[in-house]
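These notes concern the structure reproduced below.
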Amino acid sequence: MVLERLNEKIYFEHLENGLDVIIVPKKGATNYYATFATHFGSLNYKFKAPGSDEITEVPDGVAHFLEHKLFEEADGINALDKLSKIGANANAYTTFNHTAYLFSCNSRFDEAFDILLKFVQSPYLTEENVEKEKGIIGQEIGMYDDDPDWQVYFQVLTALFGNKHAVSKDIAGTVESISHITPEILYNCYNTFYDPSNMVIAVAGDVDPEKILEKIKSSVKNQEEKPEIERYYGEIYPCVYKTRVEKKMDVSIPMAVLAFKDGKAQKLRKSGYSEDNSDLVKRAVAIEILLAIISGDSSKVFEELYNDGTITKSIGNEFTFEEDYAFSAFSFESNDIDKVQKRILKEIETLNKDGINEEVFNRTKKMLYGGLVRTFNDPTNTARAFVMDYFKGINSFEFLDAYQKIDKAYVEEVLKEHFDDENMAISIVMPNNK
């Protein structure tokens with residue numbers, strides 16, 4: 001299948017073993033990018049493997065732990081070192097819903113791609129190397145515990161969705177939870193989630209799609225496609241778990257995240273990459289437009305708060321939607337958190353009462369659309385976007401279509417639905433000296 005927008009062609013292939021392949025060819029590009037990713041993130045602590053009648057529950061942090069261990073190989077040489085030695089810049093990351101292994105390079109792409117395909121499919125786990133990794137990851141967890149940006153973000157997730165849902169669990173787990181991880185647990189999760197039918201490969205650069213497909217077919221396990229994995233995420237509170245949470249940390253200025261839970265996004269979501277998720281994408285685009293109108297750098301809110309010194313830099317905003325939850329968030333730093341919150345809520349109330357200015361709506365939509373187009377001008381960014389959206393069941397080009405079709409009336413309708421006080425929570429990190 002070939003997807004085409006903006007004079008760019010994206011090749012999409014679903015192989016017999018269930019693996020999906022995304023190729024972004026760019027004639028004349030000087031760099032290459034590749035990622036091998038699996039639909040396995042921190043949310044997936046409880047599941048039923050294909051062919052099994054039993055529900056498996058694993059310690060928090062397993063997906064992240066497995067990401068660390070997969071680079072280690074039986075020959076004693078770390079795959080990261082192998083890739084670095086041939087000039088490839090390699091990395092990996094774990095999110096709530098997926099884990100990805102990736103590299104970029106300017107030359108020797110075929111060698112680097114072979115290394116990627118091999119180590120992701122060849123786990124080497126022993127009692128000794130698993131125990132050793134617990135100390136390393138324990139130090140990383142300690143760094144996250146001391147990171148105010150990380151803490152203020154996870155506080156608001158728990159406030160919105162409660163402590164019985166997987167999203168309240170730290171991606172890396174806790175020192176206590178990872179102490180229970182064993183090679184057997186890791187192999188069980190690997191065999192369940194690192195199956196081709198649960199994975200995707202994306203390649204970008206000056207490549208021949210046919211040659212890339214042939215290499216993948218000859219290198220990835222040749223087997224029958226497996227059924228979907230049953231996933232259990234836990235219980236979400238009907239409104240919010242807590243409306244306000246505070247914590248003291250070593251920061252100079254108070255910081256906050258004001259967030260709104262969105263229940264309708266999940267009702268719109270259809271599982272499967274081949275399904276039509278245009279209604280979900282349309283809602284996401286509407287909320288992104290609203291966030292920019294309410295508190296973006298061109299908004300009245302930002303101008304007023306910046307000019308009177310209440311804030312000294314931009315108000316961050318984002319809309320996040322995953323497999324089992326969705327929310328919007330305003331993030332900011334200020335010595336008067338309550339004033340910023342009240343001003344944002346007042347602006348939402350005014351927009352609900354008076355409607356959105358047509359000129360402001362068109363300007364904001366055009367600005368956001370232009371930023372998205374610039375993303376797709378770069379093959380690496382395009383491949384990354386397609387992988388991120390793939391695990392949400394979305395073709396990234398749907399966002400372009402949504403921006404072109406969306407109108408002010410629909411955005412105003414979403415405004416009234418989404419910013420509900422009953423679905424609002426604020427997370428605050430205050431300086432220790434206050």
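Residues in the structure tokens are named by chain (A, B, ... in the order shown) and by number from 1 within that chain; ligands are numbered from 1 in the order shown.
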
Find the spatial neighbours of Ile294 (chain A), counting only C-alpha atoms, within a cut-off of 8 Å - ignore same-chain residues fewer than 5 positions away - and output them as a ChimeraX atom specification.
/A:299-301,344,347-348

**Item:** All helix (DSSP H, G or I) positions in region 121-335 of chain A, as a PyMOL selection string
**Value:** chain A and resi 127-145+148-161+166-168+175-178+183-193+196-198+209-219+264-268+278-295+300-307

Closest atom pairs, residues of region 186-225 of chain A within 7 Å of region 376-389 of chain A, only C-alpha atoms, as JSON lines:
{"residue": "A:Ala202", "atom": "CA", "partner": "A:Ala383", "partner_atom": "CA", "distance": 6.0}
{"residue": "A:Val203", "atom": "CA", "partner": "A:Ala383", "partner_atom": "CA", "distance": 6.7}
{"residue": "A:Ala204", "atom": "CA", "partner": "A:Pro379", "partner_atom": "CA", "distance": 5.5}
{"residue": "A:Gly205", "atom": "CA", "partner": "A:Pro379", "partner_atom": "CA", "distance": 6.3}

Written selection (C-alpha atoms) as a PDB file, in the first residue's frame:
ATOM      1  CA  ALA A 202      10.129   1.969   9.969  1.00  0.00           C
ATOM      2  CA  VAL A 203      12.923   3.042   7.598  1.00  0.00           C
ATOM      3  CA  ALA A 204      13.600   6.490   6.142  1.00  0.00           C
ATOM      4  CA  GLY A 205      16.203   7.869   3.738  1.00  0.00           C
TER       5      GLY A 205
END

Test item: residues at most 8 Å from region 196-200 of chain A, only C-alpha atoms, excluding those fewer than 5 positions along its chain, as a list in words: Asn17, Gly18, Leu19, Asp20, Val21, Ile22, Phe36, Ala37, Thr38, His39, Val220, Lys221, Glu225, Lys226, Pro227, Glu228 and Val387 of chain A

From CA of Lys365 (chain A) to CA of Ala265 (chain A) the spacing works out at 20.3 Å

For this session: With a distance cut-off of 12 Å and only C-alpha atoms, select the neighbouring residues of Tyr124 (chain A), excluding the residue or stretch itself and same-chain residues fewer than 5 positions from it, and output the selection as a ChimeraX atom specification.
Result: /A:66-79,118-119,129-130,183-184,186-187,190

Same residues, C-alpha atoms, saved as a PDB file, in the first residue's frame:
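Below is the file selection.pdb, written as the result:
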ATOM      1  CA  LEU A  66      13.653  -5.380  28.904  1.00  0.00           C
ATOM      2  CA  GLU A  67      14.577  -2.374  26.759  1.00  0.00           C
ATOM      3  CA  HIS A  68      17.821  -2.042  28.749  1.00  0.00           C
ATOM      4  CA  LYS A  69      18.691  -5.737  28.504  1.00  0.00           C
ATOM      5  CA  LEU A  70      18.036  -6.272  24.823  1.00  0.00           C
ATOM      6  CA  PHE A  71      21.239  -4.504  23.780  1.00  0.00           C
ATOM      7  CA  GLU A  72      23.311  -7.096  25.640  1.00  0.00           C
ATOM      8  CA  GLU A  73      24.409  -9.999  23.419  1.00  0.00           C
ATOM      9  CA  ALA A  74      25.788 -13.475  24.048  1.00  0.00           C
ATOM     10  CA  ASP A  75      29.188 -12.573  22.536  1.00  0.00           C
ATOM     11  CA  GLY A  76      29.710 -10.031  25.321  1.00  0.00           C
ATOM     12  CA  ILE A  77      29.641  -6.995  23.016  1.00  0.00           C
ATOM     13  CA  ASN A  78      26.827  -4.516  23.530  1.00  0.00           C
ATOM     14  CA  ALA A  79      24.791  -3.815  20.375  1.00  0.00           C
ATOM     15  CA  LYS A 118      19.516  -9.168  14.882  1.00  0.00           C
ATOM     16  CA  PHE A 119      19.758  -7.872  18.444  1.00  0.00           C
ATOM     17  CA  ASN A 129      23.112  -9.826  34.001  1.00  0.00           C
ATOM     18  CA  VAL A 130      19.527  -9.277  35.207  1.00  0.00           C
ATOM     19  CA  PRO A 183      14.940 -13.763  33.511  1.00  0.00           C
ATOM     20  CA  GLU A 184      11.837 -15.990  33.329  1.00  0.00           C
ATOM     21  CA  LEU A 186      11.488 -11.093  30.964  1.00  0.00           C
ATOM     22  CA  TYR A 187      11.528 -14.046  28.559  1.00  0.00           C
ATOM     23  CA  TYR A 190       9.571 -10.984  25.304  1.00  0.00           C
TER      24      TYR A 190
END

Closest contacts (region 55-151 of chain A/region 206-211 of chain A, max 12 Å, only C-alpha atoms) as CSV:
residue,atom,partner,partner_atom,distance
A:Cys105,CA,A:Asp206,CA,11.7
A:Asn106,CA,A:Asp206,CA,10.4
A:Ser107,CA,A:Asp206,CA,10.9
A:Phe109,CA,A:Val207,CA,9.6
A:Asp110,CA,A:Val207,CA,10.2

Restrict the selected residues to N, CA and C atoms and save them as a JSON list (two decimals), in the first residue's frame.
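Below is the file that was written, selection12.json:
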[["chain", "number", "residue", "atom", "x", "y", "z"],
["A", 105, "CYS", "N", 22.17, 7.24, 10.75],
["A", 105, "CYS", "CA", 23.55, 7.20, 10.25],
["A", 105, "CYS", "C", 23.63, 7.92, 8.90],
["A", 106, "ASN", "N", 24.84, 8.23, 8.49],
["A", 106, "ASN", "CA", 25.08, 8.85, 7.19],
["A", 106, "ASN", "C", 25.65, 7.87, 6.18],
["A", 107, "SER", "N", 26.14, 6.73, 6.67],
["A", 107, "SER", "CA", 26.71, 5.72, 5.78],
["A", 107, "SER", "C", 26.62, 4.36, 6.47],
["A", 109, "PHE", "N", 24.53, 2.00, 6.14],
["A", 109, "PHE", "CA", 23.18, 1.72, 6.62],
["A", 109, "PHE", "C", 22.89, 0.23, 6.67],
["A", 110, "ASP", "N", 23.26, -0.51, 5.63],
["A", 110, "ASP", "CA", 22.94, -1.94, 5.59],
["A", 110, "ASP", "C", 23.53, -2.68, 6.78]]

Can you tell me how far CA of Glu133 (chain A) sits from CA of Leu157 (chain A), in Å to one decimal?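 It comes out at 27.7 Å.
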
Nearest to Lys217 (chain A), chosen from A:Ala425, A:Ile55, A:Val167, A:Leu15, with only C-alpha atoms counted in the distances =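 Among the listed residues, the smallest separation from Lys217 (chain A) belongs to A:Leu15.
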
Next on the checklist: At a cut-off of 9 Å, using only C-alpha atoms, what residues contact Leu116 (chain A)? Leave out same-chain residues fewer than 6 positions from it and give the result as a list in words.
Outcome noted: Ala34, Thr35, Phe36, Ala79, Leu83, Tyr101, Leu102 and Phe103 of chain A

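For the set A:His64, A:His418, A:Lys26, A:Lys405, the residue with the smallest atom-to-atom gap to Gly263 (chain A) is A:His418, counting only C-alpha atoms.
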
Could you name the residues that touch Met249 (chain A) at 9 Å or less, counting only C-alpha atoms, but leaving out those on the same chain fewer than 4 positions away, as an MDAnalysis selection string? chainID A and resid 146:148 429:433
